[in-house]
Each structure stands twice: as C-alpha cells, then as structure tokens.
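K.L.:
Dropping a structure here in structure tokens format, bear with me for questions.
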Amino acid sequence: MGELLLIGMGLHDENGLTLRGLKAARDSDAVYAELYTSIMPGLSMPNLERLVGKKISVLTRKDLEEDAKGAILSRAKQERVALLTPGDPVSATTHIGLVLLARKLGIPTSLVHSSSIATAAAGITGLELYKFGRTITVPSPKTNPFPESIYDFIRDNKKIGLHTLALLDIEGRLTITESIDVLLNLEAAKKAGVITEDGLMVGLARVGSPDCIVRADKAANLMKQDFGEPPYSIILPSRLHFVEEEALELLAGAPRTLLEAHR
C-alpha cells in the first residue's frame, strides 16, 4: 500500500526540517521537492540530499497542478512517497489540491508540519496572531496592473480591527518598494483612505533566516530602505494593543510618534 507524505521544510534552509519530517523523508521510498511556492534563501539541495540520504527530484508547478497523477501520485499508489515543501505543507492551495486528489484516488496521505510565514510574521513582530485577517498576495503589475480585490480585503480587515499580511508575488520578483507602490496606486484610484504614504507598515525580509530584516515605519520611508534579498512580505497593521505598540517599537524600530499617530 502506498502513501503520500507532505513534509514542510520551514522558512530558510534544510535545517528547518523537523526531526519528525527528516525521519519521514528518510523512511520514504522516493523523495520529491517543490521550490516554486516560496523562496528558501539558504537552501542547499546537495546538503538536503545528504541529510535525507536519497536523491531528491524537484517538481515544477506544472507537475503538481496539471500532471500530479503522472508526476507523483502514480508512484504513491504503490510506494511511500514524500514531497518536501517550503514553509508548512498545507499553507499553499497547490498542496491542498494535491492532498484532495490523492484521497480521491484512494492514496493515504500524511502531513508533517513546519514553520510558516503566516505564524512567523506575527511572532517576529510581536503582533497578535489572532488579530490577523485575510492574507493577500500583491501581484506583479505585469500580470495584474490593477488588483482591486486586495484593496478591498485590506479595507475590510481594517474595518474590524484586523491586521493584513501581504505576501509578494515571487514569480514577478516584486520588491517591498514595488509592492508598496502598487498599494499606493490602488489608493490613488479608490480614494478610501485605507493606504497612505504616512501610514504605518511593516516590511519583512527573509523571515526565519539569520539575516532577517523587520522594519516598521511610514510606507514612504520603507520604500527608501534596502531590504536585501527576498523573500519579502508586508504587514499593514490595524488597531494596536499597547503591547503590540511596544513590540513594534522594540522589535521593528517603529518610531514612537508614528505609533501615536496610528492610534
């Protein structure tokens, strides 16, 4: 009897594998990886293969979204097959779809969780996880020049006092500066006062890495800062508890005057 295991690798490199995940990969008959749903800046495939003790085949988006049966599930019907993923294995809709397809084909599935940007972004900034609303993705202007829906999601989150985590289009290689520019252009068109140059934002780069950067400031100031290499994300805070204010000041360098104005 076969089995499909989805194993999260965490945020930075191969050392983000949990002990449970490493054992599951080593015990599998075949190991695959996908590296397109997020960037792991410190990942070394040779090191990962040495850890797991097996050759690892890297799958593309097309393999998993269009040809999953042929690329991985046909083998999982008969053997124990592991798929290594960035972050947590079910934080991407691609992986949820793969699990559902496997179940429909009668293939047992197991999950081995790891760290995710969804939880790490809250933890590293000191913002309360339960106060985050719908997560958005800022697309590249080349593929979606006016992503009106994400503006509406930010507005709706703010209305009920929830922070917004914005992930940036990794295929379009968007920077924090470019993404804030997309958001400000939306504001210029919508004119609802949701996003402003003087408003508080938090820029995040390489969360989970030794050289992670976390900076809270006015949107206009963040656009001038160098965050280094990706992956990036942005947080648009809503109403802040006084502990969250203190956390943003001490952990992310937020100016006290800006926090007072944000109230």
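Starting from 1 in every chain, residues are counted up; chains themselves are A, B, ... following the order of the structure tokens, and ligands are numbered from 1 as listed.
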Quick one: residues within 9 Å of range 154-157 of chain A, only C-alpha atoms counted, chain neighbours fewer than 2 positions away excluded, as a ChimeraX atom specification?

P.N.:
/A:132-136,149-152,159-164,192-195,236,238

K.L.:
Export N, CA and C atoms of the chosen residues as a PDB file, in the first residue's frame?

P.N.:
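Output contents, as saved in out00.pdb:
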```pdb
ATOM      1  N   PHE A 132      -4.978  38.836  12.969  1.00  0.00           N
ATOM      2  CA  PHE A 132      -4.733  38.921  11.530  1.00  0.00           C
ATOM      3  C   PHE A 132      -5.977  38.486  10.773  1.00  0.00           C
ATOM      4  N   GLY A 133      -6.324  39.248   9.743  1.00  0.00           N
ATOM      5  CA  GLY A 133      -7.456  38.895   8.893  1.00  0.00           C
ATOM      6  C   GLY A 133      -6.991  38.152   7.659  1.00  0.00           C
ATOM      7  N   ARG A 134      -7.721  38.341   6.582  1.00  0.00           N
ATOM      8  CA  ARG A 134      -7.416  37.631   5.345  1.00  0.00           C
ATOM      9  C   ARG A 134      -6.038  38.032   4.807  1.00  0.00           C
ATOM     10  N   THR A 135      -5.236  37.034   4.474  1.00  0.00           N
ATOM     11  CA  THR A 135      -3.927  37.264   3.857  1.00  0.00           C
ATOM     12  C   THR A 135      -4.108  37.576   2.375  1.00  0.00           C
ATOM     13  N   ILE A 136      -3.307  38.496   1.862  1.00  0.00           N
ATOM     14  CA  ILE A 136      -3.387  38.844   0.444  1.00  0.00           C
ATOM     15  C   ILE A 136      -2.045  38.575  -0.226  1.00  0.00           C
ATOM     16  N   SER A 149      -9.204  43.825  -5.846  1.00  0.00           N
ATOM     17  CA  SER A 149      -9.725  42.996  -4.756  1.00  0.00           C
ATOM     18  C   SER A 149      -8.850  43.070  -3.510  1.00  0.00           C
ATOM     19  N   ILE A 150      -7.520  43.174  -3.676  1.00  0.00           N
ATOM     20  CA  ILE A 150      -6.670  43.183  -2.490  1.00  0.00           C
ATOM     21  C   ILE A 150      -6.870  44.471  -1.692  1.00  0.00           C
ATOM     22  N   TYR A 151      -7.195  45.553  -2.369  1.00  0.00           N
ATOM     23  CA  TYR A 151      -7.509  46.802  -1.667  1.00  0.00           C
ATOM     24  C   TYR A 151      -8.742  46.615  -0.806  1.00  0.00           C
ATOM     25  N   ASP A 152      -9.742  45.942  -1.381  1.00  0.00           N
ATOM     26  CA  ASP A 152     -10.982  45.699  -0.645  1.00  0.00           C
ATOM     27  C   ASP A 152     -10.740  44.816   0.571  1.00  0.00           C
ATOM     28  N   LYS A 159     -11.512  47.542   8.893  1.00  0.00           N
ATOM     29  CA  LYS A 159     -12.817  47.906   9.449  1.00  0.00           C
ATOM     30  C   LYS A 159     -13.119  47.153  10.729  1.00  0.00           C
ATOM     31  N   ILE A 160     -12.656  45.918  10.814  1.00  0.00           N
ATOM     32  CA  ILE A 160     -12.946  45.108  12.011  1.00  0.00           C
ATOM     33  C   ILE A 160     -11.701  44.928  12.883  1.00  0.00           C
ATOM     34  N   GLY A 161     -10.721  45.803  12.677  1.00  0.00           N
ATOM     35  CA  GLY A 161      -9.565  45.830  13.559  1.00  0.00           C
ATOM     36  C   GLY A 161      -8.565  44.722  13.361  1.00  0.00           C
ATOM     37  N   LEU A 162      -8.470  44.194  12.136  1.00  0.00           N
ATOM     38  CA  LEU A 162      -7.554  43.093  11.871  1.00  0.00           C
ATOM     39  C   LEU A 162      -6.382  43.537  10.997  1.00  0.00           C
ATOM     40  N   HIS A 163      -5.203  43.017  11.320  1.00  0.00           N
ATOM     41  CA  HIS A 163      -4.008  43.289  10.526  1.00  0.00           C
ATOM     42  C   HIS A 163      -4.055  42.500   9.213  1.00  0.00           C
ATOM     43  N   THR A 164      -3.325  42.982   8.211  1.00  0.00           N
ATOM     44  CA  THR A 164      -3.257  42.292   6.921  1.00  0.00           C
ATOM     45  C   THR A 164      -1.818  41.881   6.635  1.00  0.00           C
ATOM     46  N   ALA A 192     -10.206  55.773  -0.670  1.00  0.00           N
ATOM     47  CA  ALA A 192     -10.979  55.476   0.542  1.00  0.00           C
ATOM     48  C   ALA A 192     -10.167  55.700   1.807  1.00  0.00           C
ATOM     49  N   GLY A 193      -8.942  56.183   1.674  1.00  0.00           N
ATOM     50  CA  GLY A 193      -8.121  56.468   2.840  1.00  0.00           C
ATOM     51  C   GLY A 193      -7.626  55.249   3.581  1.00  0.00           C
ATOM     52  N   VAL A 194      -7.509  54.128   2.887  1.00  0.00           N
ATOM     53  CA  VAL A 194      -7.086  52.877   3.520  1.00  0.00           C
ATOM     54  C   VAL A 194      -5.566  52.785   3.612  1.00  0.00           C
ATOM     55  N   ILE A 195      -4.868  53.254   2.577  1.00  0.00           N
ATOM     56  CA  ILE A 195      -3.412  53.147   2.496  1.00  0.00           C
ATOM     57  C   ILE A 195      -2.845  54.533   2.193  1.00  0.00           C
ATOM     58  N   LEU A 236       0.245  45.298   7.092  1.00  0.00           N
ATOM     59  CA  LEU A 236      -0.480  46.553   7.240  1.00  0.00           C
ATOM     60  C   LEU A 236      -1.277  46.462   8.546  1.00  0.00           C
ATOM     61  N   SER A 238      -3.653  47.137  11.778  1.00  0.00           N
ATOM     62  CA  SER A 238      -4.895  47.831  12.090  1.00  0.00           C
ATOM     63  C   SER A 238      -4.762  48.385  13.509  1.00  0.00           C
TER      64      SER A 238
END
```

K.L.:
What lies within 8 Å of Asp217 in chain A using only C-alpha atoms, ignoring chain neighbours under 2 positions off, as a list in words?

P.N.:
Gly199, Leu200, Met201, Val202, Arg215, Ala219, Asn221, Leu222, Gly253, Ala254, Pro255 and Leu258 of chain A

K.L.:
Measure the distance from CA of Ile180 in chain A to CA of Glu197 in chain A in Å and round it to one decimal.

P.N.:
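CA of Ile180 in chain A sits 8.9 Å away from CA of Glu197 in chain A.
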
K.L.:
Which residues, written as a VMD selection string, have at least one atom at most 12 Å from Ser38 in chain A, with only C-alpha atoms counted and residues fewer than 5 positions away on the same chain left out?

P.N.:
chain A and resid 8 to 13 33 43 61 85 to 89 91 to 92 94 116 to 117 167 to 171 173 206 to 207 230 to 233

K.L.:
Since we have the selection now, will you write its residues out, keeping N, CA and C atoms, as a PDB file, in the first residue's frame?

P.N.:
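What follows is the written file again.pdb:
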```
ATOM      1  N   GLY A   8       6.862  19.757   5.511  1.00  0.00           N
ATOM      2  CA  GLY A   8       7.301  21.149   5.475  1.00  0.00           C
ATOM      3  C   GLY A   8       8.765  21.278   5.829  1.00  0.00           C
ATOM      4  N   MET A   9       9.456  22.184   5.130  1.00  0.00           N
ATOM      5  CA  MET A   9      10.883  22.406   5.382  1.00  0.00           C
ATOM      6  C   MET A   9      11.157  23.702   6.135  1.00  0.00           C
ATOM      7  N   GLY A  10      10.116  24.465   6.465  1.00  0.00           N
ATOM      8  CA  GLY A  10      10.346  25.723   7.152  1.00  0.00           C
ATOM      9  C   GLY A  10      10.686  26.854   6.206  1.00  0.00           C
ATOM     10  N   LEU A  11      11.365  27.874   6.736  1.00  0.00           N
ATOM     11  CA  LEU A  11      11.474  29.138   6.017  1.00  0.00           C
ATOM     12  C   LEU A  11      12.828  29.457   5.389  1.00  0.00           C
ATOM     13  N   HIS A  12      13.903  28.906   5.929  1.00  0.00           N
ATOM     14  CA  HIS A  12      15.211  29.386   5.470  1.00  0.00           C
ATOM     15  C   HIS A  12      16.025  28.343   4.714  1.00  0.00           C
ATOM     16  N   ASP A  13      16.317  27.210   5.352  1.00  0.00           N
ATOM     17  CA  ASP A  13      17.167  26.216   4.707  1.00  0.00           C
ATOM     18  C   ASP A  13      16.754  24.811   5.135  1.00  0.00           C
ATOM     19  N   ALA A  33      10.621  17.262  -4.199  1.00  0.00           N
ATOM     20  CA  ALA A  33      10.547  18.591  -3.592  1.00  0.00           C
ATOM     21  C   ALA A  33       9.946  19.557  -4.598  1.00  0.00           C
ATOM     22  N   LEU A  43      18.633  27.425   1.241  1.00  0.00           N
ATOM     23  CA  LEU A  43      18.500  26.002   0.921  1.00  0.00           C
ATOM     24  C   LEU A  43      19.610  25.515  -0.007  1.00  0.00           C
ATOM     25  N   ARG A  61       5.664  23.597 -11.019  1.00  0.00           N
ATOM     26  CA  ARG A  61       4.248  23.910 -10.811  1.00  0.00           C
ATOM     27  C   ARG A  61       3.372  23.072 -11.744  1.00  0.00           C
ATOM     28  N   THR A  85       8.211  20.548   0.944  1.00  0.00           N
ATOM     29  CA  THR A  85       7.704  21.845   0.514  1.00  0.00           C
ATOM     30  C   THR A  85       8.289  22.966   1.368  1.00  0.00           C
ATOM     31  N   PRO A  86       8.422  24.166   0.817  1.00  0.00           N
ATOM     32  CA  PRO A  86       8.802  25.310   1.653  1.00  0.00           C
ATOM     33  C   PRO A  86       7.705  25.589   2.687  1.00  0.00           C
ATOM     34  N   GLY A  87       8.090  26.126   3.828  1.00  0.00           N
ATOM     35  CA  GLY A  87       7.108  26.510   4.831  1.00  0.00           C
ATOM     36  C   GLY A  87       6.359  25.333   5.404  1.00  0.00           C
ATOM     37  N   ASP A  88       5.075  25.535   5.631  1.00  0.00           N
ATOM     38  CA  ASP A  88       4.190  24.469   6.106  1.00  0.00           C
ATOM     39  C   ASP A  88       3.512  23.842   4.891  1.00  0.00           C
ATOM     40  N   PRO A  89       3.357  22.527   4.865  1.00  0.00           N
ATOM     41  CA  PRO A  89       2.922  21.880   3.625  1.00  0.00           C
ATOM     42  C   PRO A  89       1.516  22.210   3.156  1.00  0.00           C
ATOM     43  N   SER A  91      -0.039  25.289   3.599  1.00  0.00           N
ATOM     44  CA  SER A  91      -0.300  26.728   3.542  1.00  0.00           C
ATOM     45  C   SER A  91      -0.484  27.203   2.105  1.00  0.00           C
ATOM     46  N   ALA A  92      -0.206  26.350   1.138  1.00  0.00           N
ATOM     47  CA  ALA A  92      -0.396  26.684  -0.275  1.00  0.00           C
ATOM     48  C   ALA A  92      -1.555  25.872  -0.844  1.00  0.00           C
ATOM     49  N   THR A  94      -1.988  24.801  -3.746  1.00  0.00           N
ATOM     50  CA  THR A  94      -1.454  23.717  -4.584  1.00  0.00           C
ATOM     51  C   THR A  94      -1.393  22.412  -3.804  1.00  0.00           C
ATOM     52  N   SER A 116       5.752  28.479   9.217  1.00  0.00           N
ATOM     53  CA  SER A 116       5.130  29.135   8.073  1.00  0.00           C
ATOM     54  C   SER A 116       5.243  30.641   8.247  1.00  0.00           C
ATOM     55  N   ILE A 117       5.285  31.387   7.155  1.00  0.00           N
ATOM     56  CA  ILE A 117       5.320  32.836   7.231  1.00  0.00           C
ATOM     57  C   ILE A 117       4.078  33.365   7.930  1.00  0.00           C
ATOM     58  N   LEU A 167       1.666  38.965   1.138  1.00  0.00           N
ATOM     59  CA  LEU A 167       2.759  38.216   0.523  1.00  0.00           C
ATOM     60  C   LEU A 167       3.028  38.820  -0.845  1.00  0.00           C
ATOM     61  N   LEU A 168       4.264  38.768  -1.295  1.00  0.00           N
ATOM     62  CA  LEU A 168       4.615  39.401  -2.561  1.00  0.00           C
ATOM     63  C   LEU A 168       4.827  38.353  -3.642  1.00  0.00           C
ATOM     64  N   ASP A 169       4.401  38.678  -4.836  1.00  0.00           N
ATOM     65  CA  ASP A 169       4.493  37.778  -5.983  1.00  0.00           C
ATOM     66  C   ASP A 169       5.949  37.378  -6.215  1.00  0.00           C
ATOM     67  N   ILE A 170       6.280  36.105  -5.938  1.00  0.00           N
ATOM     68  CA  ILE A 170       7.676  35.688  -6.088  1.00  0.00           C
ATOM     69  C   ILE A 170       8.035  35.443  -7.545  1.00  0.00           C
ATOM     70  N   GLU A 171       7.043  35.082  -8.367  1.00  0.00           N
ATOM     71  CA  GLU A 171       7.338  34.875  -9.789  1.00  0.00           C
ATOM     72  C   GLU A 171       7.647  36.199 -10.471  1.00  0.00           C
ATOM     73  N   ARG A 173       8.975  38.609  -8.875  1.00  0.00           N
ATOM     74  CA  ARG A 173      10.134  39.138  -8.149  1.00  0.00           C
ATOM     75  C   ARG A 173       9.880  40.551  -7.633  1.00  0.00           C
ATOM     76  N   ARG A 206      13.267  37.833   4.463  1.00  0.00           N
ATOM     77  CA  ARG A 206      13.960  36.598   4.858  1.00  0.00           C
ATOM     78  C   ARG A 206      13.637  36.157   6.283  1.00  0.00           C
ATOM     79  N   VAL A 207      12.349  36.177   6.605  1.00  0.00           N
ATOM     80  CA  VAL A 207      11.925  35.726   7.936  1.00  0.00           C
ATOM     81  C   VAL A 207      12.366  34.276   8.142  1.00  0.00           C
ATOM     82  N   PRO A 230      15.202  38.549  -1.361  1.00  0.00           N
ATOM     83  CA  PRO A 230      13.914  38.002  -0.955  1.00  0.00           C
ATOM     84  C   PRO A 230      14.078  36.697  -0.169  1.00  0.00           C
ATOM     85  N   PRO A 231      12.968  36.164   0.364  1.00  0.00           N
ATOM     86  CA  PRO A 231      11.571  36.567   0.154  1.00  0.00           C
ATOM     87  C   PRO A 231      11.165  37.739   1.050  1.00  0.00           C
ATOM     88  N   TYR A 232      10.127  38.457   0.572  1.00  0.00           N
ATOM     89  CA  TYR A 232       9.628  39.620   1.287  1.00  0.00           C
ATOM     90  C   TYR A 232       8.151  39.447   1.633  1.00  0.00           C
ATOM     91  N   SER A 233       7.723  40.195   2.622  1.00  0.00           N
ATOM     92  CA  SER A 233       6.299  40.342   2.906  1.00  0.00           C
ATOM     93  C   SER A 233       6.088  41.673   3.609  1.00  0.00           C
TER      94      SER A 233
END
```

K.L.:
As a list of chain:residue names, please: the residues near range 53-58 of chain A (cut-off 10 Å, only C-alpha atoms, same-chain neighbours under 4 positions excluded).

P.N.:
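Non-adjacent residues within range: A:Leu22, A:Ala25, A:Arg26, A:Asp27, A:Ser28, A:Asp29, A:Ala30, A:Val31, A:Tyr32, A:Ala33, A:Glu34, A:Leu35, A:Tyr36, A:Met45, A:Pro46, A:Asn47, A:Leu48, A:Glu49, A:Asp63, A:Ala82, A:Leu83, A:Leu84.
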
K.L.:
Measuring atom to atom with only C-alpha atoms, identify which of A:Ala122, A:Val112, A:Leu98, A:Leu19 is nearest to Ile7 in chain A.

P.N.:
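Of A:Ala122, A:Val112, A:Leu98, A:Leu19, the one nearest Ile7 in chain A is A:Val112, counting only C-alpha atoms.
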
K.L.:
From a DSSP calculation on the backbone, collect every residue of range 20-233 of chain A in helix (DSSP H, G or I) and output the set as an MDAnalysis selection string.

P.N.:
chainID A and resid 20:26 45:52 61:65 68:76 93:104 117:125 129:131 148:159 176:190 219:222

K.L.:
Given the selection you just returned, output its residues as a file containing C-alpha atoms, formatted as an mmCIF file, in the first residue's frame.

P.N.:
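New file out_14.cif:
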```
data_model
loop_
_atom_site.group_PDB
_atom_site.id
_atom_site.type_symbol
_atom_site.label_atom_id
_atom_site.label_comp_id
_atom_site.auth_asym_id
_atom_site.auth_seq_id
_atom_site.Cartn_x
_atom_site.Cartn_y
_atom_site.Cartn_z
ATOM 1 C CA ARG A 20 9.781 14.005 12.506
ATOM 2 C CA GLY A 21 9.969 15.354 8.959
ATOM 3 C CA LEU A 22 13.533 14.166 8.489
ATOM 4 C CA LYS A 23 12.687 10.666 9.680
ATOM 5 C CA ALA A 24 9.620 10.538 7.426
ATOM 6 C CA ALA A 25 11.712 11.556 4.405
ATOM 7 C CA ARG A 26 14.427 9.012 5.201
ATOM 8 C CA MET A 45 19.927 20.752 -2.447
ATOM 9 C CA PRO A 46 23.202 18.804 -2.017
ATOM 10 C CA ASN A 47 23.001 19.324 1.751
ATOM 11 C CA LEU A 48 19.330 18.371 1.771
ATOM 12 C CA GLU A 49 20.070 15.162 -0.130
ATOM 13 C CA ARG A 50 22.866 14.323 2.304
ATOM 14 C CA LEU A 51 20.520 14.835 5.254
ATOM 15 C CA VAL A 52 17.761 12.709 3.754
ATOM 16 C CA ARG A 61 4.248 23.910 -10.811
ATOM 17 C CA LYS A 62 3.037 22.129 -13.951
ATOM 18 C CA ASP A 63 3.991 18.758 -12.460
ATOM 19 C CA LEU A 64 1.844 19.315 -9.382
ATOM 20 C CA GLU A 65 -1.011 21.375 -10.764
ATOM 21 C CA ALA A 68 0.072 15.344 -10.493
ATOM 22 C CA LYS A 69 -1.150 11.854 -11.335
ATOM 23 C CA GLY A 70 1.774 11.177 -13.634
ATOM 24 C CA ALA A 71 4.406 13.191 -11.772
ATOM 25 C CA ILE A 72 3.965 11.831 -8.250
ATOM 26 C CA LEU A 73 0.639 10.131 -7.458
ATOM 27 C CA SER A 74 1.073 7.147 -9.773
ATOM 28 C CA ARG A 75 4.109 6.164 -7.713
ATOM 29 C CA ALA A 76 2.390 6.991 -4.420
ATOM 30 C CA THR A 93 -3.575 25.815 -2.193
ATOM 31 C CA THR A 94 -1.454 23.717 -4.584
ATOM 32 C CA HIS A 95 -0.717 21.281 -1.786
ATOM 33 C CA ILE A 96 -4.289 21.114 -0.531
ATOM 34 C CA GLY A 97 -5.392 20.265 -4.053
ATOM 35 C CA LEU A 98 -2.761 17.529 -4.213
ATOM 36 C CA VAL A 99 -3.961 16.007 -0.925
ATOM 37 C CA LEU A 100 -7.581 16.032 -2.105
ATOM 38 C CA LEU A 101 -6.669 14.410 -5.422
ATOM 39 C CA ALA A 102 -4.671 11.734 -3.621
ATOM 40 C CA ARG A 103 -7.595 10.969 -1.330
ATOM 41 C CA LYS A 104 -9.944 10.685 -4.322
ATOM 42 C CA ILE A 117 5.320 32.836 7.231
ATOM 43 C CA ALA A 118 1.709 33.111 8.444
ATOM 44 C CA THR A 119 2.756 32.376 12.019
ATOM 45 C CA ALA A 120 6.354 33.600 11.888
ATOM 46 C CA ALA A 121 5.404 37.090 10.673
ATOM 47 C CA ALA A 122 3.199 37.581 13.712
ATOM 48 C CA GLY A 123 5.764 36.170 16.101
ATOM 49 C CA ILE A 124 8.737 38.163 14.874
ATOM 50 C CA THR A 125 6.853 41.477 15.005
ATOM 51 C CA LEU A 129 -1.762 36.141 15.598
ATOM 52 C CA TYR A 130 -5.492 36.091 16.318
ATOM 53 C CA LYS A 131 -5.746 39.702 15.118
ATOM 54 C CA GLU A 148 -8.677 45.947 -6.919
ATOM 55 C CA SER A 149 -9.725 42.996 -4.756
ATOM 56 C CA ILE A 150 -6.670 43.183 -2.490
ATOM 57 C CA TYR A 151 -7.509 46.802 -1.667
ATOM 58 C CA ASP A 152 -10.982 45.699 -0.645
ATOM 59 C CA PHE A 153 -9.559 42.941 1.571
ATOM 60 C CA ILE A 154 -7.229 45.396 3.341
ATOM 61 C CA ARG A 155 -10.127 47.806 3.846
ATOM 62 C CA ASP A 156 -12.396 45.067 5.201
ATOM 63 C CA ASN A 157 -9.698 43.799 7.567
ATOM 64 C CA LYS A 158 -9.104 47.298 8.932
ATOM 65 C CA LYS A 159 -12.817 47.906 9.449
ATOM 66 C CA ILE A 176 8.850 45.796 -0.972
ATOM 67 C CA THR A 177 9.237 49.169 -2.682
ATOM 68 C CA GLU A 178 7.390 47.992 -5.789
ATOM 69 C CA SER A 179 4.647 46.373 -3.737
ATOM 70 C CA ILE A 180 4.009 49.478 -1.651
ATOM 71 C CA ASP A 181 3.864 51.430 -4.907
ATOM 72 C CA VAL A 182 1.161 49.030 -6.158
ATOM 73 C CA LEU A 183 -0.813 49.615 -2.954
ATOM 74 C CA LEU A 184 -0.457 53.397 -3.133
ATOM 75 C CA ASN A 185 -1.595 53.396 -6.765
ATOM 76 C CA LEU A 186 -4.685 51.475 -5.705
ATOM 77 C CA GLU A 187 -5.340 54.098 -3.035
ATOM 78 C CA ALA A 188 -4.945 56.866 -5.598
ATOM 79 C CA ALA A 189 -7.657 55.217 -7.674
ATOM 80 C CA LYS A 190 -10.018 54.130 -4.876
ATOM 81 C CA ALA A 219 5.132 53.481 3.965
ATOM 82 C CA ALA A 220 7.091 56.248 2.222
ATOM 83 C CA ASN A 221 10.138 55.588 4.410
ATOM 84 C CA LEU A 222 10.032 51.834 3.864
#
```

K.L.:
If you measure from CA of Lys191 in chain A to CA of Asn144 in chain A, what distance in Å do you get, rounded to one decimal?

P.N.:
19.5 Å

K.L.:
With only C-alpha atoms as the basis for distance, which of A:Pro139, A:Gly208, A:Gly203, A:Gly172 is at the shortest distance from Gln225 in chain A?

P.N.:
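Among A:Pro139, A:Gly208, A:Gly203, A:Gly172, it is A:Gly203 that comes nearest to Gln225 in chain A.
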
K.L.:
Looking at only C-alpha atoms, which of A:Lys77, A:Lys224, A:Arg263, A:Lys218 is the one that sits closest to Leu240 in chain A?

P.N.:
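That would be A:Arg263, the residue with the smallest distance to Leu240 in chain A.
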
K.L.:
Determine which residues of range 27-151 of chain A receive a DSSP assignment of strand (DSSP E), computed from the backbone, and state them as a PyMOL selection string.

P.N.:
chain A and resi 30-34+56-59+80-85+109-112+136-138

K.L.:
Write out as a list of chain:residue names the residues lying within 7 Å of range 242-250 of chain A, counting only C-alpha atoms and excluding same-chain residues fewer than 5 positions away.

P.N.:
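Using only C-alpha atoms, the neighbours found are A:Thr125, A:Gly126, A:Leu127, A:Ala216, A:Pro255, A:Arg256, A:Leu259.
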
K.L.:
Could you state the separation of CA of Asp198 in chain A and CA of Leu174 in chain A in Å, given to one decimal place?

P.N.:
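Pair CA of Asp198 in chain A / CA of Leu174 in chain A returns 21.5 Å.
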